[in-house]
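Have a look at the structure below before the remarks.
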Amino acid sequence: MESGCIRQTALPHTSKLFADLVYDFSRVARFYAHPPLGDHSLRAAAAEVEYPAQRRALVVDALARQNPGHPLLEELARPDAVAVLTGQQVSLFGGPAYSIYKALTAVKTARQLASLGIPAVPIFWLATEDHDFAEVSHAWVFDAGQNPLKLEVTGGWMGQPVGGVELAEPPVGALRDALRELPFGDEVSDLVAAAYPPGRSMGEAFTVLLRRLLGDYGVLTLDPLQPEIRSLAAPMLAEAARRVPDLVAGLIARNRELAEAGYHAQVHVEADASLLFLLDRGRRRPLRYRQDRFFAGDQAFTAEELTARAAQLSPNALLRPVIQDHLLPTAAYIGGPAELAYMAQSETLYRALLGRMPVIAPRAAFTLLDARAAKLTARYGLGLEDCFAGLDALGEGIAHALTPPELKAGFKTAASTASRAVDQLRAQLLRFDPTLAKALDRGRAKILYQLSKIERKAARETLRRDQRAARETSHVFNLLYPHKHLQERFYTILPFLARHGLDLIGRVYENVRLDSADHRVLAI
């Protein structure tokens, strides 16, 4: 497997905050507790973990119910063991491929800590409490022709946390049809069918699939909707409820700091925010805080009334990391660019509620190339960045490579000849009438523009004449930058496993690097 690296700053929509975090930490050091990369950061964060023995025993017992017989439970029970945490929404069919990349990065980080003499366990936090069903109800795959296909479930959602949504008819048949002609399509479809039988919940099905894909790598899973976990989280949620005014004021001040430093806040915080939701009669209802009261719709609660129901509270995106790291002895959290950016806001909550913050580290990031795409990009001298301008621009790049060399040379000669002729004429005009020389400058630009325009038309005509090249353009674009999204954020891992085999996960794991935040392009 060959590989190459692309800096995150070359990718579309990379935030300045994330770029500075991973490439120039000194600029953002006041917003995070530790640099994101390096053994020194891992050692320092692990040394700060203070985890009561009683809580450890209760958490291990709770995790044993969710991960019966898992060998890592004994490791987590050690008094000096720390956790490497990651997580993701429980999306259909495992969600975007980066869910797997997150888990593999957590595994490698835990093993790195173990090599430093610090027992560490990777844990995957299942975001079952989230209530945005539209985000998790679909999955994108591709077929043997590299055509993107959307699979989705409909109905069955009434505003409750998505983890508990039962799937009456998961689209396993549509998945099987899509993957049928890929070499390992039936094997992958059988695996998914076993994880997604009718009637299983989104959270349960996601968990089963994740465990089967990562069975060789040892990852504990944690479902925060389970009663034993809710009970353990309740004291910290109650503390947050009591301190909402100060916590929100700290976040609003942090958002101003970020803006003044030239960054933007990832999560907007309003003055009446509470950072909390109420799990009530199967629904997750947002809470607002006004005039010393919490409001869920037309219901009002005092802080005392709400803290008495702390086991029914659910944290928002900014508070959730703190709750996670109260429950677990977390030394490092593995996240994507947006998550790492909003941790700059959560840092104020960490200081106020927990007194420490783990290393906030980037997940591994990949674009996978099959043999055909690798051959085509090499033949036409293209890279991932060439896809970012869109399908038409990529086609023009390929067409340019297909344009007859003598024609390309002709355009180059014409442009050079025209420039020299205009230069000679300009020198004469300067002596005759300088104002005419300025007019000639404008004319030069128009001449060169028209030549360039005709050259592009010739390139497109070449592509039109070569239908194979048009198909190749589509193949490369649909694989590398489908629907103008990075591959890892669009497709699930399933079609890649169907094309390359289940051992692909091991080959990706070998390419996870903890010393670099760069996006890696892997030719398989």
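So you can find residues: chains in the structure tokens are A, B, ... in the order shown, residues in each start at 1, and ligands are numbered from 1 in order.
Every protein or nucleic acid residue with an atom no more than 8 Å from A:Glu75, counting only C-alpha atoms and leaving out same-chain residues fewer than 2 positions away, appears here: A:Pro71, A:Leu72, A:Leu73, A:Ala77, A:Arg78, A:Ala81, A:Pro119, A:Ala120, A:Val121.
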task: Check stretch 280-481 of chain A with DSSP on the backbone and list each residue it calls strand (DSSP E), as JSON, numbers by chain.
output: {"A": [280, 283, 284, 285, 286, 287, 288, 289, 290, 293, 294, 295, 296, 299, 300, 301, 313, 314, 315, 330, 331, 332, 333, 334, 335, 359, 360, 361, 362, 365, 366, 367, 368, 369]}
Using C-alpha atoms, can you export the residues from the last selection as a PDB file, in the first residue's frame?
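The resulting result.pdb:
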ATOM      1  CA  ASP A 280     -38.927  12.843  29.561  1.00  0.00           C
ATOM      2  CA  ARG A 283     -38.195  12.269  24.361  1.00  0.00           C
ATOM      3  CA  ARG A 284     -35.108  14.472  24.677  1.00  0.00           C
ATOM      4  CA  ARG A 285     -36.379  17.983  25.379  1.00  0.00           C
ATOM      5  CA  PRO A 286     -34.102  21.060  25.367  1.00  0.00           C
ATOM      6  CA  LEU A 287     -33.959  23.080  28.590  1.00  0.00           C
ATOM      7  CA  ARG A 288     -33.652  26.881  28.650  1.00  0.00           C
ATOM      8  CA  TYR A 289     -32.606  28.901  31.716  1.00  0.00           C
ATOM      9  CA  ARG A 290     -34.354  32.199  32.514  1.00  0.00           C
ATOM     10  CA  ARG A 293     -35.819  28.664  36.342  1.00  0.00           C
ATOM     11  CA  PHE A 294     -35.324  25.896  33.807  1.00  0.00           C
ATOM     12  CA  PHE A 295     -37.952  25.617  31.079  1.00  0.00           C
ATOM     13  CA  ALA A 296     -38.816  22.618  28.907  1.00  0.00           C
ATOM     14  CA  GLN A 299     -42.890  23.275  32.082  1.00  0.00           C
ATOM     15  CA  ALA A 300     -40.741  25.115  34.634  1.00  0.00           C
ATOM     16  CA  PHE A 301     -38.297  23.680  37.182  1.00  0.00           C
ATOM     17  CA  LEU A 313     -30.635  14.933  32.332  1.00  0.00           C
ATOM     18  CA  SER A 314     -28.596  14.747  29.144  1.00  0.00           C
ATOM     19  CA  PRO A 315     -25.679  17.061  28.272  1.00  0.00           C
ATOM     20  CA  THR A 330      -9.626   9.774  30.208  1.00  0.00           C
ATOM     21  CA  ALA A 331      -6.066  10.681  29.229  1.00  0.00           C
ATOM     22  CA  ALA A 332      -6.841  11.420  25.563  1.00  0.00           C
ATOM     23  CA  TYR A 333      -9.901  12.103  23.442  1.00  0.00           C
ATOM     24  CA  ILE A 334      -9.764  11.304  19.717  1.00  0.00           C
ATOM     25  CA  GLY A 335     -11.958  13.509  17.538  1.00  0.00           C
ATOM     26  CA  VAL A 359      -5.207  15.531  25.406  1.00  0.00           C
ATOM     27  CA  ILE A 360      -7.531  16.471  22.550  1.00  0.00           C
ATOM     28  CA  ALA A 361      -6.006  14.617  19.596  1.00  0.00           C
ATOM     29  CA  PRO A 362      -6.956  14.382  15.897  1.00  0.00           C
ATOM     30  CA  ALA A 365      -7.859  10.886   8.235  1.00  0.00           C
ATOM     31  CA  PHE A 366      -7.801   8.887   4.990  1.00  0.00           C
ATOM     32  CA  THR A 367      -8.814   8.832   1.362  1.00  0.00           C
ATOM     33  CA  LEU A 368      -8.592   5.302  -0.064  1.00  0.00           C
ATOM     34  CA  LEU A 369      -7.728   4.681  -3.716  1.00  0.00           C
TER      35      LEU A 369
END
If you take only C-alpha atoms and a cut-off of 8 Å, which residues of stretch 429-508 of chain A touch stretch 382-388 of chain A, and what are their nearest atom pairs and distances in Å to one decimal, in chain and number order, as a Markdown table?
| residue | atom | partner | partner_atom | distance |
| --- | --- | --- | --- | --- |
| A:Phe477 | CA | A:Cys387 | CA | 6.4 |
| A:Leu480 | CA | A:Leu384 | CA | 6.7 |
| A:Tyr481 | CA | A:Cys387 | CA | 6.3 |
| A:Lys484 | CA | A:Phe388 | CA | 7.0 |
Create the file for the chosen residues now, containing C-alpha atoms and written as a short mmCIF file (atom, residue, chain, number, x, y, z; two decimals), in the first residue's frame.
data_model
loop_
_atom_site.label_atom_id
_atom_site.label_comp_id
_atom_site.auth_asym_id
_atom_site.auth_seq_id
_atom_site.Cartn_x
_atom_site.Cartn_y
_atom_site.Cartn_z
CA PHE A 477 -14.43 11.94 -8.70
CA LEU A 480 -12.31 10.60 -4.05
CA TYR A 481 -14.75 13.49 -3.67
CA LYS A 484 -18.20 17.36 -3.24
#
message: So that I can check the secondary structure, give me every residue of stretch 56-222 of chain A assigned helix (DSSP H, G or I) by backbone DSSP, as a PyMOL selection string.
response: chain A and resi 56-66+72-76+92-94+98-115+133-136+162-164+172-179+185-195+202-213
task: Find, counting only C-alpha atoms, the residue in A:Thr435, A:Thr207, A:Thr307, A:Gln345 that gets nearest to A:Asn255.
output: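 Closest to A:Asn255 of all the choices is A:Gln345.
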- request: Do a neighbour search on A:Asp190 at 9 Å with only C-alpha atoms, toss out local chain neighbours closer than 5 positions, and write the hits as a PyMOL selection string.
  value: chain A and resi 176+185+195
field: Two-atom distance - atom CA of A:Leu167, atom CA of A:Leu209 (Å)
entry: 14.5 Å
task: Name all residues at most 12 Å from A:Ala62 (count only C-alpha atoms; drop same-chain ones fewer than 2 positions away) and give them as number ranges by chain.
output: A: 55-60, 64-68, 73, 77, 220-233, 327-328
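Minimum atom-to-atom distances from A:Leu191, A:Ala44, A:Cys5, A:Ala352 to A:Leu494 were compared using only C-alpha atoms, and the lowest value belongs to A:Leu191.
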task: Find the residues around A:Glu166 up to 7 Å (only C-alpha atoms counted), leave out those fewer than 2 positions away in its own chain, and share them as a ChimeraX atom specification.
output: /A:156,164,168,199-202
- request: Measuring atom to atom with only C-alpha atoms, identify which of A:Ala364, A:Leu151, A:Val162, A:Ala378 is nearest to A:Arg513.
  value: A:Ala364
field: Neighbour list for stretch 235-252 of chain A as a count of residues only, cut-off 10 Å, only C-alpha atoms, skip fewer than 5 positions in-chain
entry: 47
